[in-house]
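Worksheet: the structure to be examined is printed underneath.
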2 protein chains.
Amino acid sequence: MLASATVENYLKAIYLAAPARTPAGLLPMGQLASSLNVAPGTATTMVKTLAESGLVHYEPYAGVALTPAGERLAALVLRRHRLIELFLVRVMGYAWDEVHDEAEQLEHVVTDRLIDRIDEMLGRPETDPHGDPIPNAEGRVKTQDAQSLLTCPLHTPVTVARVIDQDRAFLRFIEGHHLKPGESIEVEHRDAASDSVRVRGKDDQRITIGMRAASKLLVQIAPLLLLVAAITSIVNA
Amino acid sequence: MLASATVENYLKAIYLAAPARTPAGLLPMGQLASSLNVAPGTATTMVKTLAESGLVHYEPYAGVALTPAGERLAALVLRRHRLIELFLVRVMGYAWDEVHDEAEQLEHVVTDRLIDRIDEMLGRPETDPHGDPIPNAEGRVKTQDAQSLLTCPLHTPVTVARVIDQDRAFLRFIEGHHLKPGESIEVEHRDAASDSVRVRGKDDQRITIGMRAASKLLVQIAPLLLLVAAITSIVNA
DNA sequence: CGCATGATTTTGATCACTCAAAAAACTAAT
DNA sequence: ATTAGTTTTTTGAGTGATCAAAATCATGCG
């Protein structure tokens with residue numbers, strides 16, 4: 001009944017591969033195999049045993065998808081991963097680009113008790129250092145309504161909410177230019193021809209980044225304004 | 001080159017099994033197998049491959065012992081284990097009888113970097129919550145000169161230095177009677193016939209324990225007196 | 001000494017996970 | 001619709017760790 005680290009990794013990979021899905025909502029075996037750095041045949045075999053345990057649906061030659069049970073388990077793995085990442089940053093003094101690999105290992109051995117201590121110590125946080133949402137102990141995730149720098153309105157103050165890329169060089173770049181989650185910025189210019197997005201950041205600094213990179217920065221519109229509105233409504237009550 | 005969790009556990013078991021050694025200093029296979037909860041044949045096979053990696057000496061039908069390389073590795077595993085235990089108690093709010101199993105898992109996946117952060121955060125401690133010495137990053141252990149409650153002088157103030165038993169019920173008993181490392185106590189009476197040792201503890205409370213239990217409590221004689229002497233000599237300089 | 005007893009090693013098998021390479025199945029394009 | 005190309009599955013094999021049970025060894029007792 002206890003899921004091995006391998007099983008957990010397969011479920012996590014399927015869970016996180018939402019972008020690479022076929023119309024039917026299935027993840028092709030090839031995608032899965034390559035995201036796990038495993039030969040295609042290996043993924044097929046493993047997925048078949050996962051299907052026998054009732055953790056995934058498997059359609060031969062089509063792909064794989066999580067069952068509710070598999071999804072819950074995957075979310076719990078992610079919960080552990082993200083809480084550990086935040087813990088490493090907040091408590092252990094890690095830089096945010098250093099935590100991924102450590103968390104990758106720890107997520108498979110840490111007990112529920114320790115995870116709950118961490119959760120408690122961090123004040124039941126909702127997101128990890130990259131802005132990724134932390135599923136709750138039942139495996140449910142609060143969906144965040146964020147758009148990317150590619151789709152958000154121009155000349156409108158927004159707050160960085162999430163960075164969807166674990167690459168260390170990218171993370172260091174983001175940090176170096178004050179684009180970490182929490183910073184407020186504004187998109188000044190977007191140009192498809194030159195594949196570039198110009199952003200005004202902290203201290204009116206201008207940074208131009210490619211659209212590939214821009215798509216990995218999720219932002220929320222004027223959360224400060226929303227906050228102000230919320231406070232106002234409370235005060236008025 | 002990277003030692004698997006299994007290899008680490010075998011080395012650790014051999015390292016810790018010092019008491020159960022033959023005259024030649026070898027640990028019999030049977031002992032090893034049962035301390036790892038593994039069939040005898042399994043231990044034999046595994047030890048042979050350990051011998052091929054140069055981590056142990058293996059004498060067929062006689063037993064096994066660590067090579068210097070194996071001993072160093074075992075000590076590093078123990079370093080991780082003990083630092084994690086202390087971390088769980090001091091930082092994560094675990095009770096000292098709850099830490100063993102968690103540490104048992106974490107010790108195999110934690111990086112050197114994290115261990116060093118923990119070590120630093122705890123102030124480079126010399127012992128874990130049970131008083132077990134923590135090997136340094138090179139795998140060397142400072143030998144502590146402690147005697148058990150069975151051998152220490154009677155009617156002499158001593159300080160509990162170490163508790164050699166991970167059994168949770170025993171640890172709770174020790175804690176409940178204020179016999180944890182650091183407490184000062186005194187042996188009042190020992191009687192082989194009744195297999196008992198009477199101890200005067202905190203607030204002059206008397207506790208009588210069996211000799212089996214007494215042998216698991218290590219103490220140091222009058223460390224306070226030694227401390228006073230040290231301070232005196234410094235002051236006089 | 002010889003042999004019974006207990007410890008140890010061998011043997012044959014299994015399980016989880018993996019790969020490389022052959023076979024089969026889908027897909028799209030002419 | 002046949003083919004060329006890609007993706008997926010199958011097959012055969014290997015590794016690390018394990019067990020049960022058979023074979024072997026070591027020792028001590030009579």
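Identifiers in this document derive from the order of the structure tokens: chains are assigned A, B, ..., residues are numbered from 1 separately in each chain, and ligands are numbered from 1 in order of occurrence.
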
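Residues in contact with region 3-20 of chain D at 7 Å, where only C-alpha atoms (C1' of nucleotides) are counted and same-chain residues fewer than 5 positions away are skipped, are listed as Gly41 and Tyr61 of chain A; Ala39 and Thr42 of chain B; DA23 of chain C.
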
Next on the checklist: I need the contact residues of chain C against chain B, so if you could list those with any atom within 9 Å, counting only C-alpha atoms (C1' of nucleotides), and return them as a ChimeraX atom specification, that would help.
Outcome noted: /C:7-10

Chain B in the frame of chain A after full C-alpha superposition, as a compact mmCIF listing (two decimals) with C-alpha atoms, in the first residue's frame:
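The result, written out as out_39.txt:
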```txt
# COMPACT_ATOMS: atom_id res chain seq x y z
CA MET B 1 0.05 -0.12 -0.12
CA LEU B 2 2.92 2.23 0.60
CA ALA B 3 3.96 4.02 -2.57
CA SER B 4 7.65 3.72 -3.44
CA ALA B 5 9.66 6.79 -4.35
CA THR B 6 9.46 5.64 -7.96
CA VAL B 7 5.68 5.41 -7.92
CA GLU B 8 5.48 8.83 -6.31
CA ASN B 9 7.72 10.26 -9.00
CA TYR B 10 5.62 8.81 -11.80
CA LEU B 11 2.43 10.22 -10.29
CA LYS B 12 4.04 13.60 -9.74
CA ALA B 13 5.31 13.71 -13.31
CA ILE B 14 1.86 12.91 -14.69
CA TYR B 15 0.27 15.47 -12.39
CA LEU B 16 2.66 18.21 -13.42
CA ALA B 17 2.53 17.46 -17.13
CA ALA B 18 -0.86 19.11 -17.62
CA PRO B 19 0.48 21.34 -20.42
CA ALA B 20 1.52 18.39 -22.60
CA ARG B 21 -1.85 16.69 -22.84
CA THR B 22 -3.72 15.32 -25.83
CA PRO B 23 -7.29 16.53 -26.54
CA ALA B 24 -8.57 13.54 -24.56
CA GLY B 25 -6.64 14.75 -21.54
CA LEU B 26 -4.12 11.97 -21.73
CA LEU B 27 -0.37 12.34 -21.34
CA PRO B 28 1.54 10.48 -24.10
CA MET B 29 3.98 7.86 -22.88
CA GLY B 30 6.89 9.50 -24.65
CA GLN B 31 6.39 12.74 -22.73
CA LEU B 32 6.24 10.90 -19.45
CA ALA B 33 9.31 8.83 -20.23
CA SER B 34 11.40 11.82 -21.17
CA SER B 35 10.27 13.90 -18.21
CA LEU B 36 11.40 11.07 -15.95
CA ASN B 37 14.60 10.44 -17.93
CA VAL B 38 13.60 6.87 -18.49
CA ALA B 39 13.44 4.71 -21.61
CA PRO B 40 9.98 4.65 -23.24
CA GLY B 41 9.52 0.97 -22.56
CA THR B 42 10.21 1.49 -18.90
CA ALA B 43 7.44 4.06 -18.63
CA THR B 44 4.98 1.73 -20.36
CA THR B 45 5.70 -1.15 -18.00
CA MET B 46 5.55 1.02 -14.92
CA VAL B 47 2.34 2.71 -15.99
CA LYS B 48 0.71 -0.66 -16.47
CA THR B 49 1.43 -1.63 -12.89
CA LEU B 50 0.25 1.80 -11.76
CA ALA B 51 -2.98 1.13 -13.61
CA GLU B 52 -3.36 -2.19 -11.79
CA SER B 53 -3.07 -0.37 -8.46
CA GLY B 54 -5.86 1.94 -9.56
CA LEU B 55 -3.72 5.06 -9.55
CA VAL B 56 -3.94 5.84 -13.27
CA HIS B 57 -6.07 5.25 -16.34
CA TYR B 58 -3.98 3.78 -19.09
CA GLU B 59 -5.07 3.75 -22.74
CA PRO B 60 -2.59 1.76 -24.81
CA TYR B 61 -1.08 3.82 -27.62
CA ALA B 62 -2.96 6.87 -26.33
CA GLY B 63 -1.54 7.85 -22.99
CA VAL B 64 -2.09 8.01 -19.26
CA ALA B 65 -4.09 10.09 -16.78
CA LEU B 66 -4.44 10.07 -13.02
CA THR B 67 -7.43 8.54 -11.29
CA PRO B 68 -8.81 10.46 -8.30
CA ALA B 69 -6.73 8.25 -6.01
CA GLY B 70 -3.62 8.92 -8.06
CA GLU B 71 -4.30 12.60 -8.17
CA ARG B 72 -4.70 12.77 -4.41
CA LEU B 73 -1.43 10.94 -3.87
CA ALA B 74 0.38 13.14 -6.37
CA ALA B 75 -0.94 16.25 -4.66
CA LEU B 76 0.32 14.99 -1.31
CA VAL B 77 3.77 14.42 -2.76
CA LEU B 78 3.69 17.95 -4.11
CA ARG B 79 2.52 19.23 -0.75
CA ARG B 80 5.53 17.65 0.87
CA HIS B 81 7.85 18.94 -1.82
CA ARG B 82 6.65 22.51 -1.61
CA LEU B 83 6.50 22.70 2.15
CA ILE B 84 10.04 21.38 2.28
CA GLU B 85 11.20 23.96 -0.24
CA LEU B 86 9.69 26.78 1.74
CA PHE B 87 11.11 25.36 4.95
CA LEU B 88 14.59 25.20 3.48
CA VAL B 89 14.37 28.83 2.42
CA ARG B 90 12.70 30.28 5.48
CA VAL B 91 14.24 28.20 8.25
CA MET B 92 17.44 26.71 6.89
CA GLY B 93 18.67 29.75 5.01
CA TYR B 94 18.75 28.19 1.54
CA ALA B 95 18.59 30.38 -1.55
CA TRP B 96 15.46 29.74 -3.60
CA ASP B 97 17.43 28.25 -6.47
CA GLU B 98 19.07 25.65 -4.25
CA VAL B 99 16.06 23.96 -2.75
CA HIS B 100 14.70 21.85 -5.56
CA ASP B 101 17.07 18.89 -5.54
CA GLU B 102 17.11 18.59 -1.78
CA ALA B 103 13.31 18.66 -1.64
CA GLU B 104 13.18 16.10 -4.44
CA GLN B 105 14.84 13.57 -2.15
CA LEU B 106 13.25 14.51 1.13
CA GLU B 107 9.69 14.45 -0.20
CA HIS B 108 9.75 10.65 -0.31
CA VAL B 109 10.88 9.88 3.20
CA VAL B 110 9.45 12.59 5.40
CA THR B 111 6.59 11.51 7.70
CA ASP B 112 3.19 13.18 7.92
CA ARG B 113 4.09 14.28 11.40
CA LEU B 114 7.18 16.16 10.29
CA ILE B 115 5.33 17.72 7.39
CA ASP B 116 2.66 18.94 9.75
CA ARG B 117 5.28 20.42 12.09
CA ILE B 118 6.81 22.23 9.15
CA ASP B 119 3.41 23.41 7.96
CA GLU B 120 2.62 24.69 11.43
CA MET B 121 6.01 26.35 11.87
CA LEU B 122 5.58 28.20 8.58
CA GLY B 123 2.08 29.35 9.48
CA ARG B 124 0.15 27.08 7.10
CA PRO B 125 1.45 28.82 3.99
CA GLU B 126 -0.42 28.75 0.69
CA THR B 127 2.52 28.89 -1.70
CA ASP B 128 6.15 27.84 -1.86
CA PRO B 129 9.10 30.14 -2.69
CA HIS B 130 8.30 29.94 -6.41
CA GLY B 131 4.68 30.83 -5.84
CA ASP B 132 3.51 27.28 -6.54
CA PRO B 133 0.36 26.53 -4.52
CA ILE B 134 0.70 24.06 -1.64
CA PRO B 135 -2.03 21.40 -1.59
CA ASN B 136 -3.67 20.89 1.80
CA ALA B 137 -3.42 17.70 3.84
CA GLU B 138 -6.38 16.24 1.93
CA GLY B 139 -4.65 16.83 -1.37
CA ARG B 140 -6.79 19.72 -2.52
CA VAL B 141 -5.28 22.76 -4.17
CA LYS B 142 -6.63 26.25 -4.10
CA THR B 143 -6.64 27.39 -7.72
CA GLN B 144 -4.98 30.70 -8.22
CA ASP B 145 -6.23 32.98 -10.98
CA ALA B 146 -3.04 34.31 -12.43
CA GLN B 147 -2.09 35.27 -15.96
CA SER B 148 1.33 35.30 -17.53
CA LEU B 149 3.31 38.35 -18.56
CA LEU B 150 2.24 37.43 -22.08
CA THR B 151 -1.46 37.88 -21.45
CA CYS B 152 -1.76 40.46 -18.70
CA PRO B 153 -2.88 43.99 -19.61
CA LEU B 154 -0.24 46.58 -20.54
CA HIS B 155 0.56 49.59 -18.37
CA THR B 156 -1.21 48.07 -15.39
CA PRO B 157 0.46 47.41 -12.05
CA VAL B 158 0.63 43.70 -11.34
CA THR B 159 2.29 41.56 -8.69
CA VAL B 160 4.50 38.59 -9.53
CA ALA B 161 2.70 35.55 -8.17
CA ARG B 162 4.59 32.58 -9.50
CA VAL B 163 7.61 31.46 -11.45
CA ILE B 164 7.06 28.27 -13.44
CA ASP B 165 10.59 27.01 -13.99
CA GLN B 166 12.99 25.30 -11.66
CA ASP B 167 16.09 26.02 -13.72
CA ARG B 168 18.69 27.50 -11.39
CA ALA B 169 20.13 29.98 -13.86
CA PHE B 170 16.66 31.28 -14.65
CA LEU B 171 15.79 31.58 -10.97
CA ARG B 172 18.97 33.52 -10.29
CA PHE B 173 18.19 35.83 -13.20
CA ILE B 174 14.71 36.45 -11.83
CA GLU B 175 16.07 37.13 -8.38
CA GLY B 176 18.81 39.39 -9.69
CA HIS B 177 16.29 41.58 -11.44
CA HIS B 178 13.82 41.76 -8.59
CA LEU B 179 11.15 39.73 -10.30
CA LYS B 180 10.54 37.25 -7.49
CA PRO B 181 7.00 36.50 -6.30
CA GLY B 182 5.70 39.49 -4.38
CA GLU B 183 7.40 42.19 -6.44
CA SER B 184 5.16 44.63 -8.26
CA ILE B 185 5.87 45.33 -11.88
CA GLU B 186 4.19 46.56 -15.03
CA VAL B 187 4.39 45.42 -18.64
CA GLU B 188 5.27 48.38 -20.84
CA HIS B 189 5.65 46.82 -24.21
CA ARG B 190 5.17 43.53 -26.02
CA ASP B 191 6.38 42.74 -29.49
CA ALA B 192 5.85 39.42 -31.16
CA ALA B 193 8.18 40.21 -34.05
CA SER B 194 11.18 40.73 -31.80
CA ASP B 195 9.93 38.05 -29.38
CA SER B 196 10.32 40.44 -26.47
CA VAL B 197 8.51 41.87 -23.48
CA ARG B 198 9.64 45.02 -21.69
CA VAL B 199 8.89 45.25 -18.01
CA ARG B 200 9.16 48.12 -15.58
CA GLY B 201 10.24 46.80 -12.20
CA LYS B 202 11.56 47.99 -8.90
CA ASP B 203 12.91 51.56 -8.88
CA ASP B 204 11.58 52.04 -12.40
CA GLN B 205 14.21 49.72 -13.78
CA ARG B 206 13.50 48.42 -17.29
CA ILE B 207 14.17 44.81 -18.20
CA THR B 208 13.49 43.23 -21.56
CA ILE B 209 12.97 39.49 -21.65
CA GLY B 210 12.00 36.96 -24.29
CA MET B 211 8.44 35.71 -24.64
CA ARG B 212 9.49 32.22 -23.58
CA ALA B 213 10.68 33.64 -20.29
CA ALA B 214 7.69 35.98 -20.02
CA SER B 215 5.32 33.04 -20.23
CA LYS B 216 6.93 31.59 -17.13
CA LEU B 217 6.17 34.58 -14.96
CA LEU B 218 2.65 34.56 -13.63
CA VAL B 219 1.18 37.74 -12.20
CA GLN B 220 -1.95 38.93 -10.47
CA ILE B 221 -3.58 42.19 -11.27
CA ALA B 222 -3.45 44.85 -8.63
CA PRO B 223 -3.75 42.66 -5.56
CA LEU B 224 -3.05 45.80 -3.57
CA LEU B 225 -6.15 47.43 -4.97
CA LEU B 226 -8.16 44.33 -4.13
CA LEU B 227 -6.72 44.39 -0.63
CA VAL B 228 -7.63 48.03 -0.21
CA ALA B 229 -11.16 47.26 -1.37
CA ALA B 230 -11.43 44.41 1.09
CA ILE B 231 -10.20 46.50 3.99
CA THR B 232 -12.54 49.32 3.05
CA SER B 233 -15.52 47.00 3.08
CA ILE B 234 -14.51 45.66 6.48
CA VAL B 235 -14.04 49.13 7.90
CA ASN B 236 -17.42 50.17 6.55
CA ALA B 237 -19.16 47.26 8.23
```

Item to check | Filtered DSSP result for chain B, state alpha helix (DSSP H), as an MDAnalysis selection string | outcome: chainID B and resid 5:16 29:35 40:52 68:90 99:106 112:121 168:176 211:214 223:236

Item to check | Nearby residues (only C-alpha atoms (C1' of nucleotides)) at most 10 Å from DA4 (chain C), same-chain spacing under 2 positions excluded, as a PyMOL selection string | outcome: (chain C and resi 2+6) or (chain D and resi 28-29)

Create the file for the chosen residues now, containing N, CA and C atoms (P, O5', C5', C4', C3', O3' and C1' of nucleotides) and written as a PDB file, in the first residue's frame.
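See selection.pdb below for the written result:
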```pdb
ATOM      1  P    DG C   2      36.762 -41.643  14.060  1.00  0.00           P
ATOM      2  O5'  DG C   2      35.256 -41.253  14.407  1.00  0.00           O
ATOM      3  C5'  DG C   2      34.512 -42.057  15.320  1.00  0.00           C
ATOM      4  C4'  DG C   2      33.176 -41.400  15.584  1.00  0.00           C
ATOM      5  C3'  DG C   2      32.461 -40.904  14.320  1.00  0.00           C
ATOM      6  O3'  DG C   2      31.089 -41.169  14.511  1.00  0.00           O
ATOM      7  C1'  DG C   2      32.730 -39.108  15.810  1.00  0.00           C
ATOM      8  P    DG C   6      20.503 -27.042  18.590  1.00  0.00           P
ATOM      9  O5'  DG C   6      21.432 -25.873  18.014  1.00  0.00           O
ATOM     10  C5'  DG C   6      22.622 -25.493  18.719  1.00  0.00           C
ATOM     11  C4'  DG C   6      23.442 -24.596  17.816  1.00  0.00           C
ATOM     12  C3'  DG C   6      22.621 -23.490  17.138  1.00  0.00           C
ATOM     13  O3'  DG C   6      23.397 -22.301  17.200  1.00  0.00           O
ATOM     14  C1'  DG C   6      23.730 -24.770  15.495  1.00  0.00           C
TER      15       DG C   6
ATOM     16  P    DG D  28      33.771 -25.116  20.977  1.00  0.00           P
ATOM     17  O5'  DG D  28      32.722 -25.988  21.807  1.00  0.00           O
ATOM     18  C5'  DG D  28      31.310 -25.854  21.577  1.00  0.00           C
ATOM     19  C4'  DG D  28      30.633 -27.106  22.087  1.00  0.00           C
ATOM     20  C3'  DG D  28      31.274 -27.677  23.355  1.00  0.00           C
ATOM     21  O3'  DG D  28      30.240 -28.372  24.061  1.00  0.00           O
ATOM     22  C1'  DG D  28      31.533 -29.239  21.634  1.00  0.00           C
ATOM     23  P    DC D  29      30.421 -28.730  25.567  1.00  0.00           P
ATOM     24  O5'  DC D  29      29.350 -29.913  25.753  1.00  0.00           O
ATOM     25  C5'  DC D  29      28.463 -30.202  24.662  1.00  0.00           C
ATOM     26  C4'  DC D  29      28.258 -31.695  24.550  1.00  0.00           C
ATOM     27  C3'  DC D  29      28.631 -32.504  25.798  1.00  0.00           C
ATOM     28  O3'  DC D  29      27.654 -33.507  25.979  1.00  0.00           O
ATOM     29  C1'  DC D  29      29.877 -33.297  23.953  1.00  0.00           C
TER      30       DC D  29
END
```

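Going from C1' of DT24 (chain D) to C1' of DT11 (chain C) covers 12.0 Å.
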
Checklist entry - Using the chain letters and numbers from this document, which residues of region 84-182 of chain B does DSSP assign to strand (DSSP E), as an NGL selection string? => result :B and (147-148 or 157-163)

May I have the residues from that selection written out with C-alpha atoms, as a PDB file, in the first residue's frame?
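Below is the file that was written, selection_9.pdb:
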```pdb
ATOM      1  CA  GLN B 147      30.923   4.492  33.030  1.00  0.00           C
ATOM      2  CA  SER B 148      27.573   2.858  33.540  1.00  0.00           C
ATOM      3  CA  PRO B 157      27.476  12.693  42.517  1.00  0.00           C
ATOM      4  CA  VAL B 158      27.509  11.875  38.829  1.00  0.00           C
ATOM      5  CA  THR B 159      25.890  13.366  35.748  1.00  0.00           C
ATOM      6  CA  VAL B 160      23.902  11.297  33.263  1.00  0.00           C
ATOM      7  CA  ALA B 161      25.829  11.464  30.012  1.00  0.00           C
ATOM      8  CA  ARG B 162      24.178   8.962  27.734  1.00  0.00           C
ATOM      9  CA  VAL B 163      21.305   6.546  27.352  1.00  0.00           C
TER      10      VAL B 163
END
```

Next on the checklist: Can you measure C1' of DT5 (chain C) to C1' of DA23 (chain D) for me? One decimal in Å is fine.
Outcome noted: 15.3 Å
